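**Q** Let me give you the structure first, and then I'll get to my questions.
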Amino acid sequence: MSPLTVCLLISSGLFGIGLAGALCRGNAILVLLGIELMLNAANLNFIAFWRFGPSSSSAAGVIFVLFALAVAAAEAAVGLALVLAIYRHQRNVRLAEAVRLKG
Amino acid sequence: MSSTSPVDPLLERAPLLVRDWVSGLFPAPARGLADALLAIAAVILGFGLLFTLLTLVERKALGRMQNRPGPNRTGPFGLLQPIADGIKMLVKEDIVPEAADRPLHFLAPVVLVAFTLVAYAVIPYGRHLLPVDLDAAVLFFFAAGAATELAVFMAGWSSHNKYSLLAAMRALAQLISYELPLLLAVVPVVMLAGTLSTSGIVAAQGRWSFGLVPHWYACTPWGAAGLVIFLIAALAEANRSPFDLPEAESELIAGHLTEYSGFKYALFFMAEYLGMTALCAMAVTLFLGGWQAPCMFLQVVPSYVWFGVKLAAMLGLFIWIRGTLPRLRMDQLMRLAWKFLVPLALLNLGTAAFWRLSAGWEALPAQLLRWALALLLVLGPAAVIGRRLSARVGPRTYRYAAP
Amino acid sequence: MIPVLTAIAVVLLGAAAVAMALRNLIHCALWLVLAWSALAAFYLWAGAEFLAFAQVLIYVGAVSMVVLFAVLLTRRLPDVNPAPPPPPAGGGRILAGVAAGVLVAGVVARAGLTSPLPAAGAAPVLTTRRLGVELMGAHAGALVVAGVILTMVLIGAVVLAAPDSGDAPEGDS
């Protein structure tokens with residue numbers, strides 16, 4: 001198995017773990033953490049192809065991941081601010097209760 | 001005006017010769033590993049020794065500033081005091097609260113000391129004494145510093161103590177607020193040096209005007225402002241007075257360290273001093289020219305001696321500030337960071353850009369204009385923002401005790 | 001080369017799995033920090049130094065703080081510890097979630113193992129200088145847009161998390 005295949009297996013495994021976490025957990029914060037894991041898995045994929053892919057003389061892979069990193073961190077911040085706003089309404093962060101449109 | 005690097009004299013090469021001799025005792029395949037281990041051992045032993053000396057010097061200096069002699073009973077001039085302190089810390093009972101999270105409680109000081117020590121790997125201590133020459137060394141240093149903040153939280157939370165947790169969150173708020181001016185003060189240096197590598201930054205400051213005036217970044221208006229901002233932020237990042245609210249005795253007992261005793265407390269203590277020393281060393285590298293000598297003819301003195309002198313000066317400045325200034329309240333601390341230091345650091349970036357773009361102004365009147373404009377750009381906003389921020393503070397009143 | 005990769009993979013996947021499975025949110029966050037550090041080790045192994053340090057600085061140094069603050073600010077009072085166990089009907093959801101994860105991983109893995117992958121070129125050497133030049137040159141527009149996004153996020157997060165005007169102020173800054 002080439003190193004690229006191993007890296008792709010790792011990134012798909014990580015994506016699967018993140019997906020399972022985001023779907024199963026009833027706590028809003030854990031759903032956000034699952035989403036972060038999925039984004040990280042995508043970044044891992046990019047770097048795997050940057051390192052083991054054919055045209056390995058460009059910096060495009062690393063630059064893409066830098067931007068993805070920044071945007072993922074920003075999205076985590078906004079998501080957690082939303083969680084705080086939900087908490088203020090219903091005094092807990094269980095997603096199953098955040099089903100009403102009326103605030 | 002450029003420096004001619006002399007053929008390295010024996011004193012400069014002495015540490016390398018010692019290292020090569022010691023690693024020559026190992027078999028050939030292990031020599032690289034032996035080199036690395038020797039560098040690690042040298043840094044840990046050297047800065048561990050500095051830490052013990054620093055605790056003693058700080059207590060004596062603070063004592064003298066407060067009109068008392070400081071420790072002078074254990075050994076001549078109190079020189080054995082650090083050893084006495086070490087023995088005390090080691091034999092004290094290690095109490096862990098029953099409801100505490102034991103693995104985290106144990107890991108917190110370990111993680112803190114580990115990441116603080118890791119940051120020492122990228123500081124150039126001498127012309128040939130850089131443990132690891134990384135391309136993105138400055139980023140590595142600040143990444144290691146950011147990771148230490150997690151350990152503060154772990155300490156506070158794992159103690160299972162409301163007050164520890166509150167204090168840990170306050171400490172975290174302080175640490176992340178001051179990380180911003182710290183990093184922003186470094187960006188102009190990187191911009192002007194054109195590299196993130198510490199050896200490159202030190203090399204970029206290695207020139208002298210007329211052989212006498214060094215081209216350190218602290219000798220330029222934007223560099224002086226950057227150094228001041230960096231030092232204030234470093235004081236806050238190291239939880240030193242006047243920003244030592246997280247661990248002052250009158251505040252929430254001992255802050256996030258309340259439930260720690262014995263050797264773990266000693267580890268936290270050591271991590272604080274090591275962190276302070278690392279930040280001072282980075283300030284010396286970025287703004288004060290690292291191991292460069294102040295004048296061209298003074299290059300006969302080895303480079304690591306100059307680094308040591310500058311580091312000692314910075315540490316002395318930190319101790320002096322501790323003995324002089326009163327503690328800041330939490331809200332004053334936050335206001336200083338967000339409303340004063342961050343705008344000034346951003347404007348400093350603009351001043352540094354102006355300095356770089358006007359590097360071609362060679363004639364004397366143009367040079368004077370350049371300096372005047374840069375000083376105006378640095379001092380003007382500081383005065384304006386400072387005035388605006390203290391506008392609602394009442395005039396200072398003094399009351400003296402009746403004789 | 002492969003043993004190092006396997007070690008990093010074990011730590012990464014193990015820490016992520018544990019993080020998604022635990023009850024205590026703070027423990028979840030800390031295991032996730034371990035996973036992010038393992039990912040930074042992977043970037044170092046692949047030769048993207050700058051990216052590894054940026055990953056540590058951003059994720060371990062900042063996102064973890066935000067997550068921990070959010071967890072601490074949204075704890076149910078008065079007890080400090082984890083939520084009560086979910087009702088039994090949740091078992092089906094867990095099964096569905098894990099099945100979805102396994103399915104996605106399996107599909108990707110099968111595609112990776114059977115289709116021909118492009119041959120690897122030489123190991124790329126990326127200096128920070130080259131990264132900076134490309135960021136400021138070809139990708140300058142994207143950099144500006146990223147800056148605007150981050151500013152919007154900063155303002156938006158503060159607005160979202162701030163108490164509504166009219167409520168009593170909730171604690172300190």
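Chain lettering (A, B, ...) mirrors the order of the structure tokens, residue numbering begins at 1 for each chain separately, and ligand numbering begins at 1 in order of display.
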Show me, as an MDAnalysis selection string, the residues that have an atom within 12 Å of Leu32 (chain C) when counting only C-alpha atoms, minus same-chain residues fewer than 5 positions from it.
**A** (chainID A and resid 14 17:18 30 32:34 36:37 40) or (chainID C and resid 11:22 25:27 37:39 59:60 63:65 67:68)
**Q** Distance cut-off 8 Å, counting only C-alpha atoms - which residues of chain A neighbour chain C? Return them as a PyMOL selection string.
**A** chain A and resi 3+5+8-10+12-21+23-25+29-30+34+37+44+47-48+50-59+62-63+65-67+69-71+73-78+80-85+87+91-93
**Q** Skip Ala185 (chain B) itself and residues of its chain fewer than 3 positions away, then list as a list of chain:residue names all residues within 6 Å of it, counting only C-alpha atoms.
**A**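 Near neighbours after the sequence-gap exclusion: B:Pro181, B:Leu182, B:Gly226, B:Phe230, B:Ala345.
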**Q** Write out as a PyMOL selection string the residues lying within 6 Å of Ala144 (chain B), counting only C-alpha atoms and excluding same-chain residues fewer than 2 positions away.
**A** chain B and resi 115+119+141-142+146-147
**Q** Hey, can you check how far CA of Thr52 (chain B) sits from CA of Ala114 (chain B)?
**A** 17.9 Å
